[in-house]
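Participant: Below is the file model_3.txt, which contains compact mmCIF, C-alpha atoms.
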# COMPACT_ATOMS: atom_id res chain seq x y z
CA MET A 1 112.76 -34.64 -14.79
CA LYS A 2 114.83 -31.50 -14.29
CA PRO A 3 113.30 -28.24 -15.66
CA ALA A 4 116.12 -27.72 -18.19
CA ARG A 5 115.63 -31.20 -19.63
CA LYS A 6 111.87 -30.76 -19.73
CA GLN A 7 112.35 -27.52 -21.63
CA ARG A 8 114.64 -29.17 -24.17
CA LEU A 9 112.18 -32.05 -24.60
CA MET A 10 109.35 -29.55 -25.26
CA LEU A 11 111.49 -27.59 -27.74
CA ILE A 12 112.39 -30.74 -29.67
CA GLY A 13 108.75 -31.86 -29.67
CA LEU A 14 107.63 -28.49 -31.01
CA MET A 15 110.35 -28.55 -33.66
CA VAL A 16 109.36 -31.99 -34.95
CA ILE A 17 105.63 -31.11 -34.95
CA GLY A 18 106.39 -27.81 -36.71
CA ALA A 19 108.47 -29.48 -39.41
CA GLY A 20 105.74 -32.11 -39.83
CA LEU A 21 102.96 -29.51 -40.21
CA ALA A 22 104.98 -27.42 -42.67
CA THR A 23 105.69 -30.49 -44.80
CA ALA A 24 102.06 -31.64 -44.63
CA PHE A 25 100.83 -28.27 -45.96
CA ALA A 26 103.49 -28.18 -48.66
CA LEU A 27 102.64 -31.73 -49.82
CA LYS A 28 98.91 -30.93 -49.74
CA SER A 29 99.37 -27.95 -52.06
CA PHE A 30 101.64 -29.91 -54.44
CA ASN A 31 99.40 -32.97 -54.36
CA GLU A 32 98.55 -32.81 -58.09
CA ASN A 33 102.20 -32.61 -59.13
CA LEU A 34 103.19 -35.57 -56.96
CA MET A 35 100.80 -37.87 -58.79
CA TYR A 36 102.97 -39.90 -61.10
CA PHE A 37 100.12 -40.65 -63.52
CA PHE A 38 96.48 -39.85 -64.36
CA SER A 39 93.82 -42.54 -64.21
CA THR A 40 91.61 -43.42 -67.17
CA THR A 41 88.63 -41.83 -65.38
CA ASP A 42 90.58 -38.52 -65.21
CA VAL A 43 91.06 -38.68 -69.00
CA ILE A 44 87.39 -39.39 -69.77
CA GLU A 45 86.29 -36.62 -67.41
CA GLY A 46 88.68 -34.17 -69.09
CA LYS A 47 90.94 -33.66 -66.05
CA ALA A 48 94.05 -34.74 -67.95
CA PRO A 49 95.94 -32.05 -69.92
CA GLN A 50 95.15 -31.58 -73.64
CA ASP A 51 97.91 -31.23 -76.26
CA THR A 52 100.76 -31.91 -73.82
CA LEU A 53 102.54 -35.06 -72.71
CA PHE A 54 101.30 -36.72 -69.55
CA ARG A 55 101.31 -40.18 -67.98
CA LEU A 56 98.32 -42.50 -68.00
CA GLY A 57 98.09 -45.50 -65.69
CA GLY A 58 95.69 -48.44 -65.59
CA MET A 59 95.12 -52.15 -66.09
CA VAL A 60 95.43 -53.66 -69.57
CA ILE A 61 91.99 -55.16 -70.31
CA LYS A 62 92.16 -58.90 -70.99
CA GLY A 63 91.77 -59.71 -74.70
CA SER A 64 92.15 -56.08 -75.80
CA VAL A 65 95.77 -56.27 -77.00
CA GLU A 66 96.02 -56.34 -80.81
CA ARG A 67 98.66 -55.66 -83.46
CA PRO A 68 96.60 -54.14 -86.33
CA ASN A 69 99.24 -54.23 -89.10
CA ASP A 70 101.67 -56.95 -87.97
CA GLY A 71 104.33 -54.36 -87.08
CA LEU A 72 105.60 -53.09 -83.77
CA MET A 73 102.44 -51.02 -83.28
CA VAL A 74 100.27 -52.33 -80.45
CA ARG A 75 96.78 -51.20 -79.58
CA PHE A 76 95.17 -52.00 -76.24
CA LYS A 77 92.59 -50.72 -73.80
CA LEU A 78 93.40 -49.46 -70.30
CA THR A 79 90.90 -49.39 -67.46
CA ASP A 80 90.66 -48.41 -63.81
CA TYR A 81 87.59 -50.68 -63.47
CA SER A 82 85.21 -47.83 -64.29
CA LYS A 83 86.28 -46.06 -67.56
CA ASP A 84 88.36 -47.30 -70.53
CA VAL A 85 90.88 -45.50 -72.76
CA THR A 86 92.41 -46.89 -75.97
CA VAL A 87 96.22 -46.66 -76.19
CA GLU A 88 98.48 -47.02 -79.23
CA TYR A 89 102.21 -47.64 -78.87
CA THR A 90 105.01 -48.40 -81.30
CA GLY A 91 108.08 -50.01 -79.74
CA ILE A 92 109.32 -52.73 -77.47
CA LEU A 93 107.23 -53.55 -74.41
CA PRO A 94 108.77 -54.35 -70.99
CA ASP A 95 108.89 -57.94 -69.63
CA LEU A 96 105.99 -57.50 -67.25
CA PHE A 97 103.63 -56.10 -69.88
CA ARG A 98 100.72 -58.51 -70.25
CA GLU A 99 96.95 -58.54 -70.20
CA GLY A 100 95.49 -57.94 -66.76
CA GLN A 101 98.68 -56.19 -65.60
CA GLY A 102 99.01 -52.54 -64.56
CA ILE A 103 101.05 -50.24 -66.80
CA VAL A 104 101.97 -46.55 -66.99
CA ALA A 105 102.18 -44.99 -70.47
CA HIS A 106 103.73 -41.61 -71.32
CA GLY A 107 102.29 -39.72 -74.29
CA LYS A 108 99.34 -37.55 -75.32
CA LEU A 109 95.76 -37.74 -76.51
CA ASN A 110 94.94 -37.29 -80.20
CA ALA A 111 91.78 -35.72 -81.58
CA GLN A 112 89.90 -39.03 -81.49
CA GLY A 113 90.57 -39.48 -77.76
CA VAL A 114 93.13 -42.24 -78.41
CA PHE A 115 96.22 -42.05 -76.20
CA ILE A 116 99.38 -42.14 -78.36
CA ALA A 117 102.13 -43.47 -76.07
CA GLU A 118 105.83 -42.72 -76.54
CA GLU A 119 106.92 -44.93 -73.63
CA VAL A 120 105.25 -47.81 -71.80
CA LEU A 121 106.36 -48.90 -68.30
CA ALA A 122 105.00 -51.97 -66.53
CA LYS A 123 103.70 -51.41 -63.02
CA HIS A 124 104.35 -54.47 -60.92
CA ASP A 125 101.69 -55.31 -58.33
CA GLU A 126 102.53 -56.28 -54.76
CA ASN A 127 101.71 -59.99 -55.15
CA TYR A 128 104.36 -62.70 -55.12
CA MET A 129 103.49 -66.39 -55.49
CA PRO A 130 104.75 -69.61 -57.08
CA PRO A 131 103.21 -70.57 -60.48
CA GLU A 132 101.30 -73.53 -58.93
CA VAL A 133 99.51 -71.25 -56.49
CA LYS A 134 98.64 -68.88 -59.33
CA ASP A 135 97.13 -71.78 -61.30
CA SER A 136 94.98 -72.87 -58.39
CA LEU A 137 93.76 -69.29 -57.97
CA LYS A 138 92.50 -69.17 -61.57
CA ASN A 139 89.03 -70.42 -60.64
CA GLN A 140 88.52 -67.48 -58.30
CA PRO A 141 87.45 -63.93 -59.29
CA ALA A 142 90.04 -62.06 -61.37
CA SER A 143 90.47 -59.28 -58.83
CA LEU A 144 92.03 -61.70 -56.36
CA VAL A 145 94.59 -62.89 -58.88
CA THR A 146 95.70 -59.62 -60.42
CA GLY A 147 95.31 -57.51 -57.28
CA GLN A 148 94.00 -53.95 -57.14
CA GLN A 149 96.19 -50.97 -57.90
CA MET B 150 110.03 -43.41 -14.93
CA PHE B 151 107.85 -45.44 -12.53
CA LEU B 152 106.39 -47.41 -15.47
CA ILE B 153 109.72 -49.07 -16.36
CA PRO B 154 110.88 -51.98 -14.14
CA ASP B 155 113.96 -51.34 -11.99
CA PRO B 156 116.41 -53.84 -13.60
CA VAL B 157 115.78 -52.27 -17.04
CA VAL B 158 116.47 -48.78 -15.69
CA ARG B 159 119.64 -50.04 -13.98
CA PHE B 160 120.76 -51.73 -17.23
CA PHE B 161 120.43 -48.48 -19.20
CA HIS B 162 122.13 -46.44 -16.49
CA ARG B 163 125.11 -48.79 -16.55
CA MET B 164 125.18 -48.88 -20.38
CA ALA B 165 125.46 -45.09 -20.37
CA SER B 166 128.82 -45.37 -18.62
CA PRO B 167 131.58 -45.57 -21.29
CA PRO B 168 133.85 -48.22 -19.66
CA HIS B 169 130.91 -50.49 -18.93
CA PHE B 170 129.52 -50.06 -22.45
CA TYR B 171 132.93 -50.84 -23.96
CA ALA B 172 133.42 -54.01 -21.93
CA PHE B 173 129.84 -55.24 -22.36
CA THR B 174 129.72 -54.80 -26.15
CA GLY B 175 133.14 -56.47 -26.42
CA ARG B 176 131.78 -59.58 -24.71
CA LEU B 177 128.55 -59.45 -26.77
CA MET B 178 130.25 -59.18 -30.16
CA PRO B 179 131.15 -62.88 -30.84
CA TRP B 180 127.55 -63.92 -30.09
CA LEU B 181 126.16 -61.30 -32.44
CA VAL B 182 128.52 -62.42 -35.22
CA VAL B 183 127.56 -66.10 -34.78
CA ILE B 184 123.81 -65.32 -34.88
CA PHE B 185 124.30 -63.03 -37.88
CA LEU B 186 126.22 -65.66 -39.88
CA LEU B 187 123.68 -68.39 -39.08
CA VAL B 188 120.60 -66.32 -39.94
CA THR B 189 122.20 -64.96 -43.12
CA ALA B 190 123.23 -68.43 -44.34
CA VAL B 191 119.75 -69.86 -43.74
CA GLY B 192 118.04 -66.77 -45.17
CA LEU B 193 120.13 -66.73 -48.37
CA TYR B 194 119.78 -70.49 -48.88
CA GLY B 195 116.02 -70.20 -48.39
CA GLY B 196 115.68 -67.13 -50.60
CA LEU B 197 117.99 -68.05 -53.48
CA TYR B 198 117.53 -71.82 -53.54
CA LEU B 199 114.48 -73.12 -51.63
CA ALA B 200 111.93 -70.43 -52.44
CA PRO B 201 109.97 -71.09 -55.67
CA ALA B 202 110.17 -68.81 -58.71
CA ASP B 203 107.51 -66.13 -59.04
CA TYR B 204 104.54 -66.72 -61.38
CA GLN B 205 105.28 -63.53 -63.33
CA GLN B 206 108.85 -62.46 -62.77
CA GLY B 207 110.48 -65.89 -62.64
CA ASP B 208 113.79 -65.76 -60.78
CA SER B 209 114.34 -62.00 -61.08
CA TYR B 210 112.07 -61.38 -58.11
CA ARG B 211 114.79 -62.83 -55.82
CA ILE B 212 116.36 -59.37 -55.62
CA ILE B 213 113.71 -58.64 -52.96
CA TYR B 214 115.81 -60.67 -50.50
CA ILE B 215 118.36 -57.83 -50.64
CA HIS B 216 116.28 -54.88 -51.81
CA VAL B 217 113.38 -55.05 -49.35
CA PRO B 218 115.40 -55.65 -46.14
CA SER B 219 117.81 -52.85 -47.19
CA ALA B 220 114.91 -50.47 -47.71
CA TRP B 221 113.41 -51.43 -44.32
CA MET B 222 116.81 -50.90 -42.66
CA SER B 223 117.24 -47.50 -44.32
CA LEU B 224 114.06 -46.33 -42.52
CA PHE B 225 114.72 -48.22 -39.27
CA ILE B 226 118.28 -46.90 -38.86
CA TYR B 227 117.12 -43.35 -39.53
CA VAL B 228 114.57 -43.60 -36.70
CA VAL B 229 117.21 -45.09 -34.35
CA MET B 230 119.58 -42.26 -35.29
CA ALA B 231 116.97 -39.56 -34.67
CA VAL B 232 115.81 -41.04 -31.34
CA ALA B 233 119.42 -41.46 -30.13
CA GLY B 234 120.08 -37.89 -31.26
CA ALA B 235 117.07 -36.63 -29.28
CA ILE B 236 118.22 -38.51 -26.16
CA GLY B 237 121.66 -36.96 -26.59
CA LEU B 238 120.12 -33.50 -26.93
CA ILE B 239 117.81 -33.77 -23.92
CA TRP B 240 119.85 -35.78 -21.42
CA ARG B 241 123.32 -34.93 -22.81
CA ILE B 242 124.31 -38.61 -22.73
CA LYS B 243 127.57 -39.04 -24.61
CA LEU B 244 126.81 -42.63 -25.65
CA ALA B 245 123.51 -41.65 -27.27
CA GLU B 246 125.40 -39.11 -29.37
CA ILE B 247 127.89 -41.79 -30.39
CA VAL B 248 125.16 -44.30 -31.32
CA ALA B 249 123.47 -41.61 -33.45
CA ILE B 250 126.55 -40.70 -35.48
CA SER B 251 127.75 -44.32 -35.76
CA SER B 252 124.42 -45.23 -37.38
CA ALA B 253 124.62 -42.65 -40.17
CA PRO B 254 127.15 -44.31 -42.57
CA ILE B 255 125.43 -47.71 -42.19
CA GLY B 256 122.02 -46.19 -42.90
CA ALA B 257 123.43 -44.37 -45.91
CA SER B 258 124.88 -47.65 -47.25
CA PHE B 259 121.57 -49.49 -46.88
CA THR B 260 119.74 -46.63 -48.62
CA PHE B 261 122.27 -46.77 -51.45
CA ILE B 262 121.89 -50.55 -51.78
CA ALA B 263 118.09 -50.23 -51.84
CA LEU B 264 118.27 -47.60 -54.59
CA VAL B 265 120.78 -49.53 -56.72
CA THR B 266 119.10 -52.95 -56.45
CA GLY B 267 115.73 -51.33 -57.17
CA SER B 268 117.18 -49.68 -60.25
CA LEU B 269 118.73 -52.94 -61.51
CA TRP B 270 115.36 -54.67 -61.12
CA GLY B 271 113.44 -51.75 -62.60
CA LYS B 272 115.22 -51.84 -65.97
CA PRO B 273 113.98 -55.30 -67.07
CA MET B 274 110.68 -55.26 -65.13
CA TRP B 275 109.34 -51.72 -65.48
CA GLY B 276 111.36 -50.83 -68.55
CA THR B 277 113.33 -47.99 -66.92
CA TRP B 278 116.23 -47.52 -64.50
CA TRP B 279 114.68 -44.58 -62.71
CA VAL B 280 111.46 -42.59 -62.55
CA TRP B 281 110.73 -39.50 -60.45
CA ASP B 282 107.75 -40.98 -58.63
CA ALA B 283 107.03 -40.23 -54.97
CA ARG B 284 108.59 -43.44 -53.54
CA LEU B 285 111.87 -43.26 -55.44
CA THR B 286 112.28 -39.53 -54.94
CA SER B 287 111.63 -39.63 -51.18
CA GLU B 288 114.09 -42.52 -50.78
CA LEU B 289 116.71 -40.48 -52.67
CA ILE B 290 116.05 -37.56 -50.28
CA LEU B 291 116.69 -39.98 -47.41
CA LEU B 292 120.14 -40.74 -48.87
CA PHE B 293 120.86 -37.00 -49.02
CA LEU B 294 119.72 -36.60 -45.39
CA TYR B 295 122.17 -39.31 -44.30
CA LEU B 296 124.97 -37.69 -46.33
CA GLY B 297 124.06 -34.32 -44.79
CA VAL B 298 124.32 -35.79 -41.30
CA ILE B 299 127.75 -37.31 -42.06
CA GLY B 300 129.00 -34.11 -43.68
CA LEU B 301 127.76 -31.82 -40.91
CA TYR B 302 129.37 -33.98 -38.23
CA GLY B 303 132.69 -33.91 -40.07
CA ALA B 304 132.55 -30.14 -40.58
CA ILE B 305 132.45 -29.22 -36.87
CA ASP B 306 135.62 -29.85 -34.86
CA ASP B 307 134.08 -29.94 -31.37
CA LYS B 308 132.37 -33.33 -31.49
CA ARG B 309 129.89 -32.56 -28.69
CA ILE B 310 128.63 -29.49 -30.56
CA ALA B 311 128.72 -31.46 -33.83
CA SER B 312 126.50 -34.14 -32.23
CA ARG B 313 123.91 -31.54 -31.22
CA ALA B 314 123.82 -29.99 -34.70
CA VAL B 315 123.52 -33.45 -36.28
CA ALA B 316 120.70 -34.44 -33.90
CA ILE B 317 118.65 -31.40 -34.91
CA LEU B 318 119.17 -32.13 -38.62
CA ALA B 319 118.22 -35.79 -38.08
CA LEU B 320 115.09 -34.84 -36.10
CA VAL B 321 113.85 -32.42 -38.77
CA GLY B 322 114.43 -35.13 -41.39
CA VAL B 323 112.23 -37.60 -39.50
CA VAL B 324 109.26 -36.10 -41.33
CA ASN B 325 110.51 -37.91 -44.47
CA ILE B 326 110.11 -41.38 -42.90
CA PRO B 327 106.27 -41.60 -42.95
CA ILE B 328 106.35 -39.95 -46.39
CA ILE B 329 108.53 -42.76 -47.77
CA HIS B 330 106.41 -45.46 -46.17
CA TYR B 331 103.02 -44.07 -47.24
CA SER B 332 104.13 -42.57 -50.59
CA VAL B 333 102.80 -45.60 -52.47
CA GLU B 334 99.38 -45.20 -50.83
CA TRP B 335 99.00 -41.41 -50.85
CA TRP B 336 99.98 -40.89 -54.49
CA ASN B 337 99.92 -42.78 -57.77
CA THR B 338 103.43 -44.21 -58.11
CA LEU B 339 105.16 -46.62 -60.45
CA HIS B 340 106.53 -48.43 -57.40
CA GLN B 341 104.14 -51.11 -56.14
CA GLY B 342 102.26 -50.89 -52.86
CA PRO B 343 103.39 -52.58 -49.62
CA THR B 344 103.47 -56.39 -49.67
CA VAL B 345 104.29 -57.24 -46.06
CA THR B 346 104.07 -54.09 -43.92
CA LYS B 347 100.34 -53.49 -44.11
CA MET B 348 97.32 -54.19 -41.94
CA ASP B 349 96.01 -56.87 -44.30
CA LYS B 350 97.47 -60.36 -44.81
CA PRO B 351 100.86 -60.17 -46.64
CA SER B 352 100.43 -60.56 -50.43
CA ILE B 353 103.37 -62.93 -50.71
CA HIS B 354 103.32 -66.71 -50.56
CA VAL B 355 104.53 -68.06 -47.20
CA SER B 356 107.40 -70.04 -48.84
CA MET B 357 108.78 -66.73 -50.12
CA LEU B 358 107.92 -64.73 -47.02
CA ILE B 359 109.94 -66.77 -44.50
CA PRO B 360 113.36 -66.22 -46.17
CA LEU B 361 112.47 -62.53 -46.57
CA LEU B 362 111.81 -62.17 -42.83
CA LEU B 363 115.02 -64.10 -42.06
CA MET B 364 116.98 -61.69 -44.24
CA ALA B 365 115.33 -58.79 -42.41
CA VAL B 366 116.54 -60.27 -39.08
CA SER B 367 119.99 -60.87 -40.57
CA PHE B 368 120.28 -57.24 -41.70
CA LYS B 369 119.22 -56.08 -38.20
CA PHE B 370 122.08 -58.08 -36.70
CA TYR B 371 124.51 -56.77 -39.30
CA TYR B 372 123.50 -53.23 -38.35
CA LEU B 373 123.96 -54.00 -34.65
CA ILE B 374 127.45 -55.40 -35.24
CA ALA B 375 128.61 -52.60 -37.56
CA MET B 376 127.07 -49.87 -35.39
CA LEU B 377 128.60 -51.21 -32.15
CA GLN B 378 132.04 -51.54 -33.75
CA ARG B 379 131.87 -47.97 -35.01
CA ALA B 380 130.58 -46.78 -31.62
CA ARG B 381 133.45 -48.53 -29.76
CA THR B 382 136.04 -46.88 -32.01
CA GLU B 383 134.37 -43.47 -31.72
CA LEU B 384 134.17 -43.90 -27.94
CA LEU B 385 137.90 -44.66 -27.62
CA LEU B 386 138.68 -41.64 -29.82
CA ARG B 387 136.56 -39.27 -27.72
CA GLU B 388 137.70 -40.72 -24.38
CA ARG B 389 141.37 -41.08 -25.32
CA ASN B 390 142.39 -38.89 -22.34
CA ALA B 391 140.13 -40.66 -19.84
CA GLN B 392 141.63 -42.80 -17.08
CA TRP B 393 139.78 -46.02 -18.03
CA VAL B 394 141.18 -45.96 -21.58
CA LYS B 395 144.72 -45.38 -20.24
CA ASN B 396 144.29 -48.25 -17.77
CA MET B 397 143.02 -50.54 -20.51
CA VAL B 398 145.90 -49.71 -22.85
CA SER B 399 148.56 -50.19 -20.12
CA GLU B 400 146.99 -53.51 -19.06
CA SER B 401 147.06 -54.93 -22.57
CA LYS B 402 150.73 -54.04 -23.05
Take the structure in this file and express it as structure tokens.
Facilitator:
Amino acid sequence: MKPARKQRLMLIGLMVIGAGLATAFALKSFNENLMYFFSTTDVIEGKAPQDTLFRLGGMVIKGSVERPNDGLMVRFKLTDYSKDVTVEYTGILPDLFREGQGIVAHGKLNAQGVFIAEEVLAKHDENYMPPEVKDSLKNQPASLVTGQQ
Amino acid sequence: MFLIPDPVVRFFHRMASPPHFYAFTGRLMPWLVVIFLLVTAVGLYGGLYLAPADYQQGDSYRIIYIHVPSAWMSLFIYVVMAVAGAIGLIWRIKLAEIVAISSAPIGASFTFIALVTGSLWGKPMWGTWWVWDARLTSELILLFLYLGVIGLYGAIDDKRIASRAVAILALVGVVNIPIIHYSVEWWNTLHQGPTVTKMDKPSIHVSMLIPLLLMAVSFKFYYLIAMLQRARTELLLRERNAQWVKNMVSESK
């Protein structure tokens, strides 16, 4: 390779590595802000903000969904497979909201440690299968069927 | 260069010559179109008709046959554009510059399609058109990078200088590509994790996976056709004073 070309190749390499390093440091320092939601463990450990709105993500625990006074208010428990948080929401739930499914709720904690949601979004998992396959998977452990977050 | 076999080196040397490139791609085009039409027809039939409905989303999941290949192409074309730009910068090969700039509008279109189809699916499934999570935001930045490349190229009159400026912009933007791909693993996002492009077994049933891969191949061919057509036009425009273009025009009269 001619010296001029080699020089240009080196310059371009340095430029790409430089841009990569700068971005890596920037992303590292903004890491907290790039998290779309807090986990239920963060809330129990007090890492989530008090008195302000934030997002809480987790799996809806099977059998925990209840409508206490027959209205639009729903109460359910979210988990990240280690700690649970109770969520209350009044409104219409998205199509994919169901027990055992991941969701992200936007709202804040009240004094009793219950998360009062203003908005609930369903988080789809990365699994796609026909209904028959899903049925045949039912005998296996739940983690295989619902998938991990 | 001793690692690459001789015929391959000779092929690339000849492809770098504008008249040879123009003639060769002209002969290749009908074959590419036939393959593209066949693969697309089979892929769409498989995806929209043969593949079973999803256990949770029913038929709405079928948008992945457009959304996912478009999103893959948006990343793939960006890498092609940046690599071609780098080759143009280092070796000053005119054709590499042309391939780089011809890729930009196609990449921008695929990025736009990925964003729009994702948004249409997100409203019923997630409950929202748009969220500012890491995956969606970084894909939007990719669209702006493509638009920046197109705009910068148009703003400079001397197209050889424009190509160099564009190549540098594209190369700096490459840092966004791994961010988009790994965003769903590095951060908590509303967007789901990877289904196919991961080390593990794909988390999609094989009857749904095959049409998806066919559509991915189909989109690759579409890109090849659209990019080569743009490159041929751009080449004629840049070489309009060259002898081989004049000969070709006078022969066809």
Participant: Show me a table, sorted first by chain and then by increasing residue number, of the residues of chain B having an atom at most 8 Å from chain A, each with its shortest atom pair and the distance in Å to one decimal, counting all atoms listed in the file and written as CSV.
Facilitator:
residue,atom,partner,partner_atom,distance
B:Pro201,CA,A:Pro130,CA,5.6
B:Ala202,CA,A:Pro130,CA,5.7
B:Asp203,CA,A:Pro130,CA,4.9
B:Tyr204,CA,A:Pro131,CA,4.2
B:Gln205,CA,A:Leu96,CA,7.2
B:Gln206,CA,A:Leu96,CA,7.3
B:Ala235,CA,A:Ile12,CA,7.5
B:Leu238,CA,A:Arg8,CA,7.5
B:Ile239,CA,A:Arg5,CA,5.5
B:Trp240,CA,A:Arg5,CA,6.5
B:Pro273,CA,A:Asp95,CA,6.3
B:Met274,CA,A:Asp95,CA,5.5
B:Trp275,CA,A:Ala122,CA,4.5
B:Gly276,CA,A:Pro94,CA,5.0
B:Thr277,CA,A:Leu121,CA,7.2
B:Trp281,CA,A:Tyr36,CA,7.8
B:Asp282,CA,A:Tyr36,CA,5.5
B:Ala283,CA,A:Leu34,CA,6.4
B:Leu320,CA,A:Val16,CA,6.5
B:Val321,CA,A:Val16,CA,5.9
B:Val323,CA,A:Val16,CA,7.8
B:Val324,CA,A:Gly20,CA,5.5
B:Trp336,CA,A:Met35,CA,5.3
B:Asn337,CA,A:Met35,CA,5.1
B:Thr338,CA,A:Tyr36,CA,5.3
B:Leu339,CA,A:Lys123,CA,5.6
B:His340,CA,A:Lys123,CA,7.0
B:Gln341,CA,A:Asp125,CA,5.3
B:Gly342,CA,A:Glu126,CA,5.7
B:Pro343,CA,A:Glu126,CA,6.4
B:Thr344,CA,A:Glu126,CA,5.2
B:Ser352,CA,A:Asn127,CA,4.9
B:Ile353,CA,A:Tyr128,CA,4.5
B:His354,CA,A:Met129,CA,4.9
B:Met357,CA,A:Met129,CA,7.5
Participant: Using the file's own x, y and z axes, what box holds all listed atoms of range 170-182 of chain B with 3 Å on each side, keeping edges along x, y and z, and what are its centre and edge lengths in Å to one decimal, as JSON?
Facilitator:
{"center_x": 129.8, "center_y": -57.0, "center_z": -28.6, "size_x": 13.3, "size_y": 19.9, "size_z": 19.3}
Participant: Measure the distance from CA of Leu358 in chain B to CA of Val345 in chain B in Å and round it to one decimal.
Facilitator: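 CA of Val345 in chain B lies 8.4 Å from CA of Leu358 in chain B.
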Participant: CA of Arg313 in chain B and CA of Ile242 in chain B are how many Å apart?
Facilitator: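 Answer for the CA of Arg313 in chain B to CA of Ile242 in chain B separation: 11.1 Å.
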Participant: For the atom pair CA of Lys77 in chain A and CA of Leu56 in chain A, what is the interatomic distance in Å to one decimal place?
Facilitator: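 Taking CA of Lys77 in chain A and CA of Leu56 in chain A, their separation equals 11.6 Å.
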Participant: Looking at B:Ala263, B:His162, B:Tyr302, B:Pro168, which one is nearest to Lys395 in chain B, with distances taken over all atoms listed in the file?
Facilitator: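 Closest to Lys395 in chain B of all the choices is B:Pro168.
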Participant: N, CA and C atoms for range 50-62 of chain A, written as a compact mmCIF listing (two decimals), in the frame of the given file, could you do that?
Facilitator:
# COMPACT_ATOMS: atom_id res chain seq x y z
N GLN A 50 95.29 -31.41 -72.20
CA GLN A 50 95.15 -31.58 -73.64
C GLN A 50 96.43 -31.09 -74.31
N ASP A 51 96.80 -31.70 -75.41
CA ASP A 51 97.91 -31.23 -76.26
C ASP A 51 99.29 -31.27 -75.60
N THR A 52 99.41 -31.77 -74.39
CA THR A 52 100.76 -31.91 -73.82
C THR A 52 100.95 -33.36 -73.37
N LEU A 53 102.22 -33.70 -73.15
CA LEU A 53 102.54 -35.06 -72.71
C LEU A 53 102.11 -35.25 -71.26
N PHE A 54 101.55 -36.37 -70.95
CA PHE A 54 101.30 -36.72 -69.55
C PHE A 54 101.33 -38.24 -69.43
N ARG A 55 101.27 -38.74 -68.19
CA ARG A 55 101.31 -40.18 -67.98
C ARG A 55 99.93 -40.70 -67.66
N LEU A 56 99.62 -41.87 -68.20
CA LEU A 56 98.32 -42.50 -68.00
C LEU A 56 98.56 -43.89 -67.42
N GLY A 57 97.89 -44.19 -66.32
CA GLY A 57 98.09 -45.50 -65.69
C GLY A 57 96.79 -46.28 -65.66
N GLY A 58 96.89 -47.61 -65.69
CA GLY A 58 95.69 -48.44 -65.59
C GLY A 58 96.02 -49.89 -65.86
N MET A 59 94.97 -50.72 -65.81
CA MET A 59 95.12 -52.15 -66.09
C MET A 59 94.86 -52.39 -67.57
N VAL A 60 95.66 -53.26 -68.18
CA VAL A 60 95.43 -53.66 -69.57
C VAL A 60 94.25 -54.64 -69.57
N ILE A 61 93.19 -54.30 -70.30
CA ILE A 61 91.99 -55.16 -70.31
C ILE A 61 92.31 -56.47 -71.02
N LYS A 62 91.90 -57.58 -70.42
CA LYS A 62 92.16 -58.90 -70.99
C LYS A 62 91.53 -59.02 -72.36
